[in-house]
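What follows is final21.csv (CSV, N, CA and C atoms).
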chain,number,residue,atom,x,y,z
A,1,MET,N,106.1,123.6,86.0
A,1,MET,CA,105.2,122.6,86.4
A,1,MET,C,104.5,121.9,85.2
A,2,ASN,N,104.2,122.7,84.2
A,2,ASN,CA,103.6,122.2,83.0
A,2,ASN,C,104.4,121.2,82.3
A,3,ARG,N,105.7,121.4,82.3
A,3,ARG,CA,106.7,120.5,81.6
A,3,ARG,C,106.7,119.2,82.4
A,4,PHE,N,106.7,119.3,83.7
A,4,PHE,CA,106.7,118.1,84.6
A,4,PHE,C,105.4,117.2,84.3
A,5,VAL,N,104.3,117.9,84.2
A,5,VAL,CA,103.0,117.1,84.0
A,5,VAL,C,103.1,116.5,82.6
A,6,HIS,N,103.6,117.2,81.6
A,6,HIS,CA,103.7,116.6,80.3
A,6,HIS,C,104.6,115.4,80.3
A,7,LEU,N,105.7,115.5,80.9
A,7,LEU,CA,106.7,114.4,81.0
A,7,LEU,C,106.1,113.2,81.8
A,8,ALA,N,105.4,113.5,82.8
A,8,ALA,CA,104.8,112.4,83.6
A,8,ALA,C,103.7,111.7,82.8
A,9,VAL,N,102.8,112.4,82.1
A,9,VAL,CA,101.8,111.8,81.3
A,9,VAL,C,102.4,111.0,80.2
A,10,THR,N,103.4,111.6,79.5
A,10,THR,CA,104.1,110.9,78.4
A,10,THR,C,104.7,109.6,78.9
A,11,PHE,N,105.4,109.7,80.0
A,11,PHE,CA,106.0,108.5,80.6
A,11,PHE,C,105.0,107.4,80.9
A,12,LEU,N,103.9,107.8,81.5
A,12,LEU,CA,102.9,106.8,81.8
A,12,LEU,C,102.3,106.2,80.6
A,13,VAL,N,102.1,106.9,79.6
A,13,VAL,CA,101.5,106.4,78.3
A,13,VAL,C,102.5,105.4,77.7
A,14,VAL,N,103.8,105.8,77.7
A,14,VAL,CA,104.8,104.9,77.1
A,14,VAL,C,104.9,103.6,77.9
A,15,MET,N,104.9,103.7,79.2
A,15,MET,CA,105.0,102.4,80.0
A,15,MET,C,103.8,101.5,79.8
A,16,VAL,N,102.6,102.1,79.7
A,16,VAL,CA,101.4,101.3,79.5
A,16,VAL,C,101.4,100.7,78.1
A,17,SER,N,101.9,101.4,77.1
A,17,SER,CA,102.0,100.9,75.8
A,17,SER,C,103.0,99.8,75.7
A,18,ALA,N,104.1,99.9,76.4
A,18,ALA,CA,105.1,98.9,76.4
A,18,ALA,C,104.7,97.6,77.1
A,19,ALA,N,103.9,97.8,78.2
A,19,ALA,CA,103.4,96.7,78.9
A,19,ALA,C,102.4,95.9,78.0
A,20,ALA,N,101.5,96.6,77.3
A,20,ALA,CA,100.5,96.0,76.4
A,20,ALA,C,101.2,95.2,75.3
A,21,VAL,N,102.2,95.8,74.7
A,21,VAL,CA,103.0,95.1,73.6
A,21,VAL,C,103.7,93.9,74.2
A,22,ALA,N,104.3,94.0,75.3
A,22,ALA,CA,105.0,92.9,75.9
A,22,ALA,C,104.1,91.7,76.2
A,23,TYR,N,102.9,92.1,76.8
A,23,TYR,CA,101.9,91.0,77.1
A,23,TYR,C,101.4,90.3,75.8
A,24,SER,N,101.1,91.1,74.8
A,24,SER,CA,100.6,90.5,73.6
A,24,SER,C,101.7,89.6,72.9
A,25,LEU,N,102.9,90.1,72.9
A,25,LEU,CA,104.0,89.3,72.3
A,25,LEU,C,104.3,88.0,73.1
A,26,ALA,N,104.2,88.1,74.4
A,26,ALA,CA,104.4,86.9,75.2
A,26,ALA,C,103.3,85.9,75.0
A,27,HIS,N,102.0,86.4,74.8
A,27,HIS,CA,100.9,85.5,74.5
A,27,HIS,C,101.1,84.8,73.2
A,28,VAL,N,101.5,85.5,72.2
A,28,VAL,CA,101.7,84.9,70.9
A,28,VAL,C,102.9,83.9,70.9
A,29,VAL,N,104.0,84.3,71.6
A,29,VAL,CA,105.1,83.3,71.6
A,29,VAL,C,104.8,82.1,72.5
A,30,HIS,N,104.0,82.3,73.5
A,30,HIS,CA,103.7,81.2,74.4
A,30,HIS,C,102.7,80.2,73.8
A,31,TYR,N,101.6,80.7,73.3
A,31,TYR,CA,100.6,79.9,72.8
A,31,TYR,C,100.7,79.5,71.3
A,32,SER,N,101.4,80.3,70.5
A,32,SER,CA,101.5,80.0,69.1
A,32,SER,C,102.8,79.2,68.8
A,33,LEU,N,103.9,79.6,69.4
A,33,LEU,CA,105.2,79.0,69.2
A,33,LEU,C,105.5,77.9,70.2
A,34,GLY,N,104.8,77.8,71.3
A,34,GLY,CA,105.1,76.8,72.3
A,34,GLY,C,106.3,77.0,73.2
A,35,VAL,N,106.7,78.2,73.3
A,35,VAL,CA,107.8,78.5,74.3
A,35,VAL,C,107.3,78.5,75.7
A,36,PRO,N,108.0,77.8,76.6
A,36,PRO,CA,107.4,77.7,78.0
A,36,PRO,C,107.5,79.1,78.6
A,37,GLY,N,106.5,79.3,79.5
A,37,GLY,CA,106.4,80.6,80.2
A,37,GLY,C,107.6,80.9,81.1
A,38,SER,N,108.2,79.9,81.7
A,38,SER,CA,109.3,80.1,82.6
A,38,SER,C,110.5,80.7,81.8
A,39,ALA,N,110.6,80.3,80.5
A,39,ALA,CA,111.7,80.9,79.7
A,39,ALA,C,111.5,82.3,79.3
A,40,LEU,N,110.2,82.7,79.3
A,40,LEU,CA,109.9,84.1,78.9
A,40,LEU,C,110.0,85.1,80.1
A,41,ARG,N,109.8,84.6,81.3
A,41,ARG,CA,109.7,85.5,82.4
A,41,ARG,C,111.0,86.2,82.7
A,42,GLU,N,112.1,85.5,82.7
A,42,GLU,CA,113.4,86.1,83.0
A,42,GLU,C,113.8,87.1,82.0
A,43,GLN,N,113.7,86.8,80.7
A,43,GLN,CA,114.0,87.7,79.6
A,43,GLN,C,113.1,88.9,79.6
A,44,ALA,N,111.8,88.7,79.9
A,44,ALA,CA,110.9,89.8,79.9
A,44,ALA,C,111.3,90.8,81.0
A,45,LEU,N,111.6,90.3,82.2
A,45,LEU,CA,112.0,91.2,83.2
A,45,LEU,C,113.3,92.0,82.9
A,46,ILE,N,114.3,91.4,82.3
A,46,ILE,CA,115.5,92.0,81.9
A,46,ILE,C,115.2,93.1,80.8
A,47,CYS,N,114.4,92.7,79.8
A,47,CYS,CA,114.1,93.7,78.8
A,47,CYS,C,113.3,94.9,79.3
A,48,ALA,N,112.3,94.6,80.2
A,48,ALA,CA,111.6,95.7,80.8
A,48,ALA,C,112.4,96.6,81.6
A,49,ALA,N,113.4,96.1,82.4
A,49,ALA,CA,114.3,96.9,83.1
A,49,ALA,C,115.2,97.8,82.2
A,50,LEU,N,115.7,97.2,81.1
A,50,LEU,CA,116.5,98.0,80.2
A,50,LEU,C,115.7,99.1,79.5
A,51,ILE,N,114.5,98.8,79.1
A,51,ILE,CA,113.6,99.8,78.4
A,51,ILE,C,113.3,100.9,79.4
A,52,PHE,N,112.9,100.5,80.7
A,52,PHE,CA,112.6,101.5,81.7
A,52,PHE,C,113.8,102.4,81.9
A,53,GLY,N,115.0,101.9,82.0
A,53,GLY,CA,116.2,102.7,82.2
A,53,GLY,C,116.4,103.6,81.1
A,54,LEU,N,116.3,103.2,79.9
A,54,LEU,CA,116.6,104.0,78.7
A,54,LEU,C,115.6,105.1,78.6
A,55,VAL,N,114.3,104.8,78.8
A,55,VAL,CA,113.3,105.8,78.7
A,55,VAL,C,113.5,106.9,79.8
A,56,THR,N,113.8,106.4,81.0
A,56,THR,CA,114.0,107.4,82.1
A,56,THR,C,115.2,108.3,81.8
A,57,ILE,N,116.3,107.7,81.3
A,57,ILE,CA,117.5,108.6,80.9
A,57,ILE,C,117.1,109.6,79.8
A,58,GLU,N,116.3,109.1,78.9
A,58,GLU,CA,115.9,110.0,77.8
A,58,GLU,C,115.1,111.2,78.3
A,59,PHE,N,114.1,110.9,79.2
A,59,PHE,CA,113.3,112.0,79.7
A,59,PHE,C,114.1,112.9,80.6
A,60,LEU,N,115.0,112.4,81.4
A,60,LEU,CA,115.7,113.3,82.3
A,60,LEU,C,116.8,114.1,81.6
A,61,ALA,N,117.3,113.6,80.5
A,61,ALA,CA,118.4,114.3,79.8
A,61,ALA,C,117.8,115.2,78.6
A,62,SER,N,116.5,115.1,78.3
A,62,SER,CA,116.0,115.8,77.2
A,62,SER,C,115.9,117.3,77.6
A,63,LYS,N,116.1,118.1,76.6
A,63,LYS,CA,116.0,119.6,76.8
A,63,LYS,C,115.1,120.1,75.7
A,64,GLU,N,114.1,120.9,76.1
A,64,GLU,CA,113.2,121.4,75.1
A,64,GLU,C,113.5,122.9,74.9

Structure translated into structure tokens:
Amino acid sequence: MNRFVHLAVTFLVVMVSAAAVAYSLAHVVHYSLGVPGSALREQALICAALIFGLVTIEFLASKE
């Protein structure tokens, strides 16, 4: 049970950190570089899905 709680908390922290980084990068690219928001949305969703899948696989496959 302790390992599950540790993995759940770590997973939550990683996802929140990734979301914060993605939001700040999108803000910089949209307002500083002038890239339209519609061009960012599709790529952001694809990247988020890939990162989510890779992190999930790592957590499920890790052995301590």

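Using only C-alpha atoms for every distance, the candidate list A:Tyr31, A:Ala61, A:Pro36, A:Met15 yields A:Met15 as the residue closest to Ala49 (chain A).
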
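Here CA of Glu42 (chain A) stands at a distance of 23.0 Å from CA of Ile57 (chain A).
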
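Minimum distance to Ala44 (chain A) across A:Val29, A:Met1, A:Ala22, A:Leu60 (counting only N, CA and C atoms) occurs at A:Ala22.
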
Mind listing as a JSON list (two decimals) with N, CA and C atoms, in the coordinates of the input all residues within 6.5 Å of (109.8, 111.1, 81.4), counting all atoms listed in the file?
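Output contents, as saved in point_39.json:
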[["chain", "number", "residue", "atom", "x", "y", "z"],
["A", 7, "LEU", "N", 105.70, 115.50, 80.90],
["A", 7, "LEU", "CA", 106.70, 114.40, 81.00],
["A", 7, "LEU", "C", 106.10, 113.20, 81.80],
["A", 8, "ALA", "N", 105.40, 113.50, 82.80],
["A", 8, "ALA", "CA", 104.80, 112.40, 83.60],
["A", 8, "ALA", "C", 103.70, 111.70, 82.80],
["A", 10, "THR", "N", 103.40, 111.60, 79.50],
["A", 10, "THR", "CA", 104.10, 110.90, 78.40],
["A", 10, "THR", "C", 104.70, 109.60, 78.90],
["A", 11, "PHE", "N", 105.40, 109.70, 80.00],
["A", 11, "PHE", "CA", 106.00, 108.50, 80.60],
["A", 11, "PHE", "C", 105.00, 107.40, 80.90],
["A", 55, "VAL", "N", 114.30, 104.80, 78.80],
["A", 55, "VAL", "CA", 113.30, 105.80, 78.70],
["A", 55, "VAL", "C", 113.50, 106.90, 79.80],
["A", 56, "THR", "N", 113.80, 106.40, 81.00],
["A", 56, "THR", "CA", 114.00, 107.40, 82.10],
["A", 56, "THR", "C", 115.20, 108.30, 81.80],
["A", 58, "GLU", "N", 116.30, 109.10, 78.90],
["A", 58, "GLU", "CA", 115.90, 110.00, 77.80],
["A", 58, "GLU", "C", 115.10, 111.20, 78.30],
["A", 59, "PHE", "N", 114.10, 110.90, 79.20],
["A", 59, "PHE", "CA", 113.30, 112.00, 79.70],
["A", 59, "PHE", "C", 114.10, 112.90, 80.60],
["A", 60, "LEU", "N", 115.00, 112.40, 81.40],
["A", 60, "LEU", "CA", 115.70, 113.30, 82.30],
["A", 60, "LEU", "C", 116.80, 114.10, 81.60]]

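A straight line drawn from atom C of Leu33 (chain A) to CA of Gly53 (chain A) is 29.6 Å long.
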
Would you compute an axis-aligned box for region 17-25 of chain A, covering every atom listed for it in the file with 4 Å of margin on each side, and report centre and edge lengths in Å to one decimal as JSON?
{"center_x": 102.8, "center_y": 94.7, "center_z": 75.6, "size_x": 12.6, "size_y": 21.4, "size_z": 14.6}
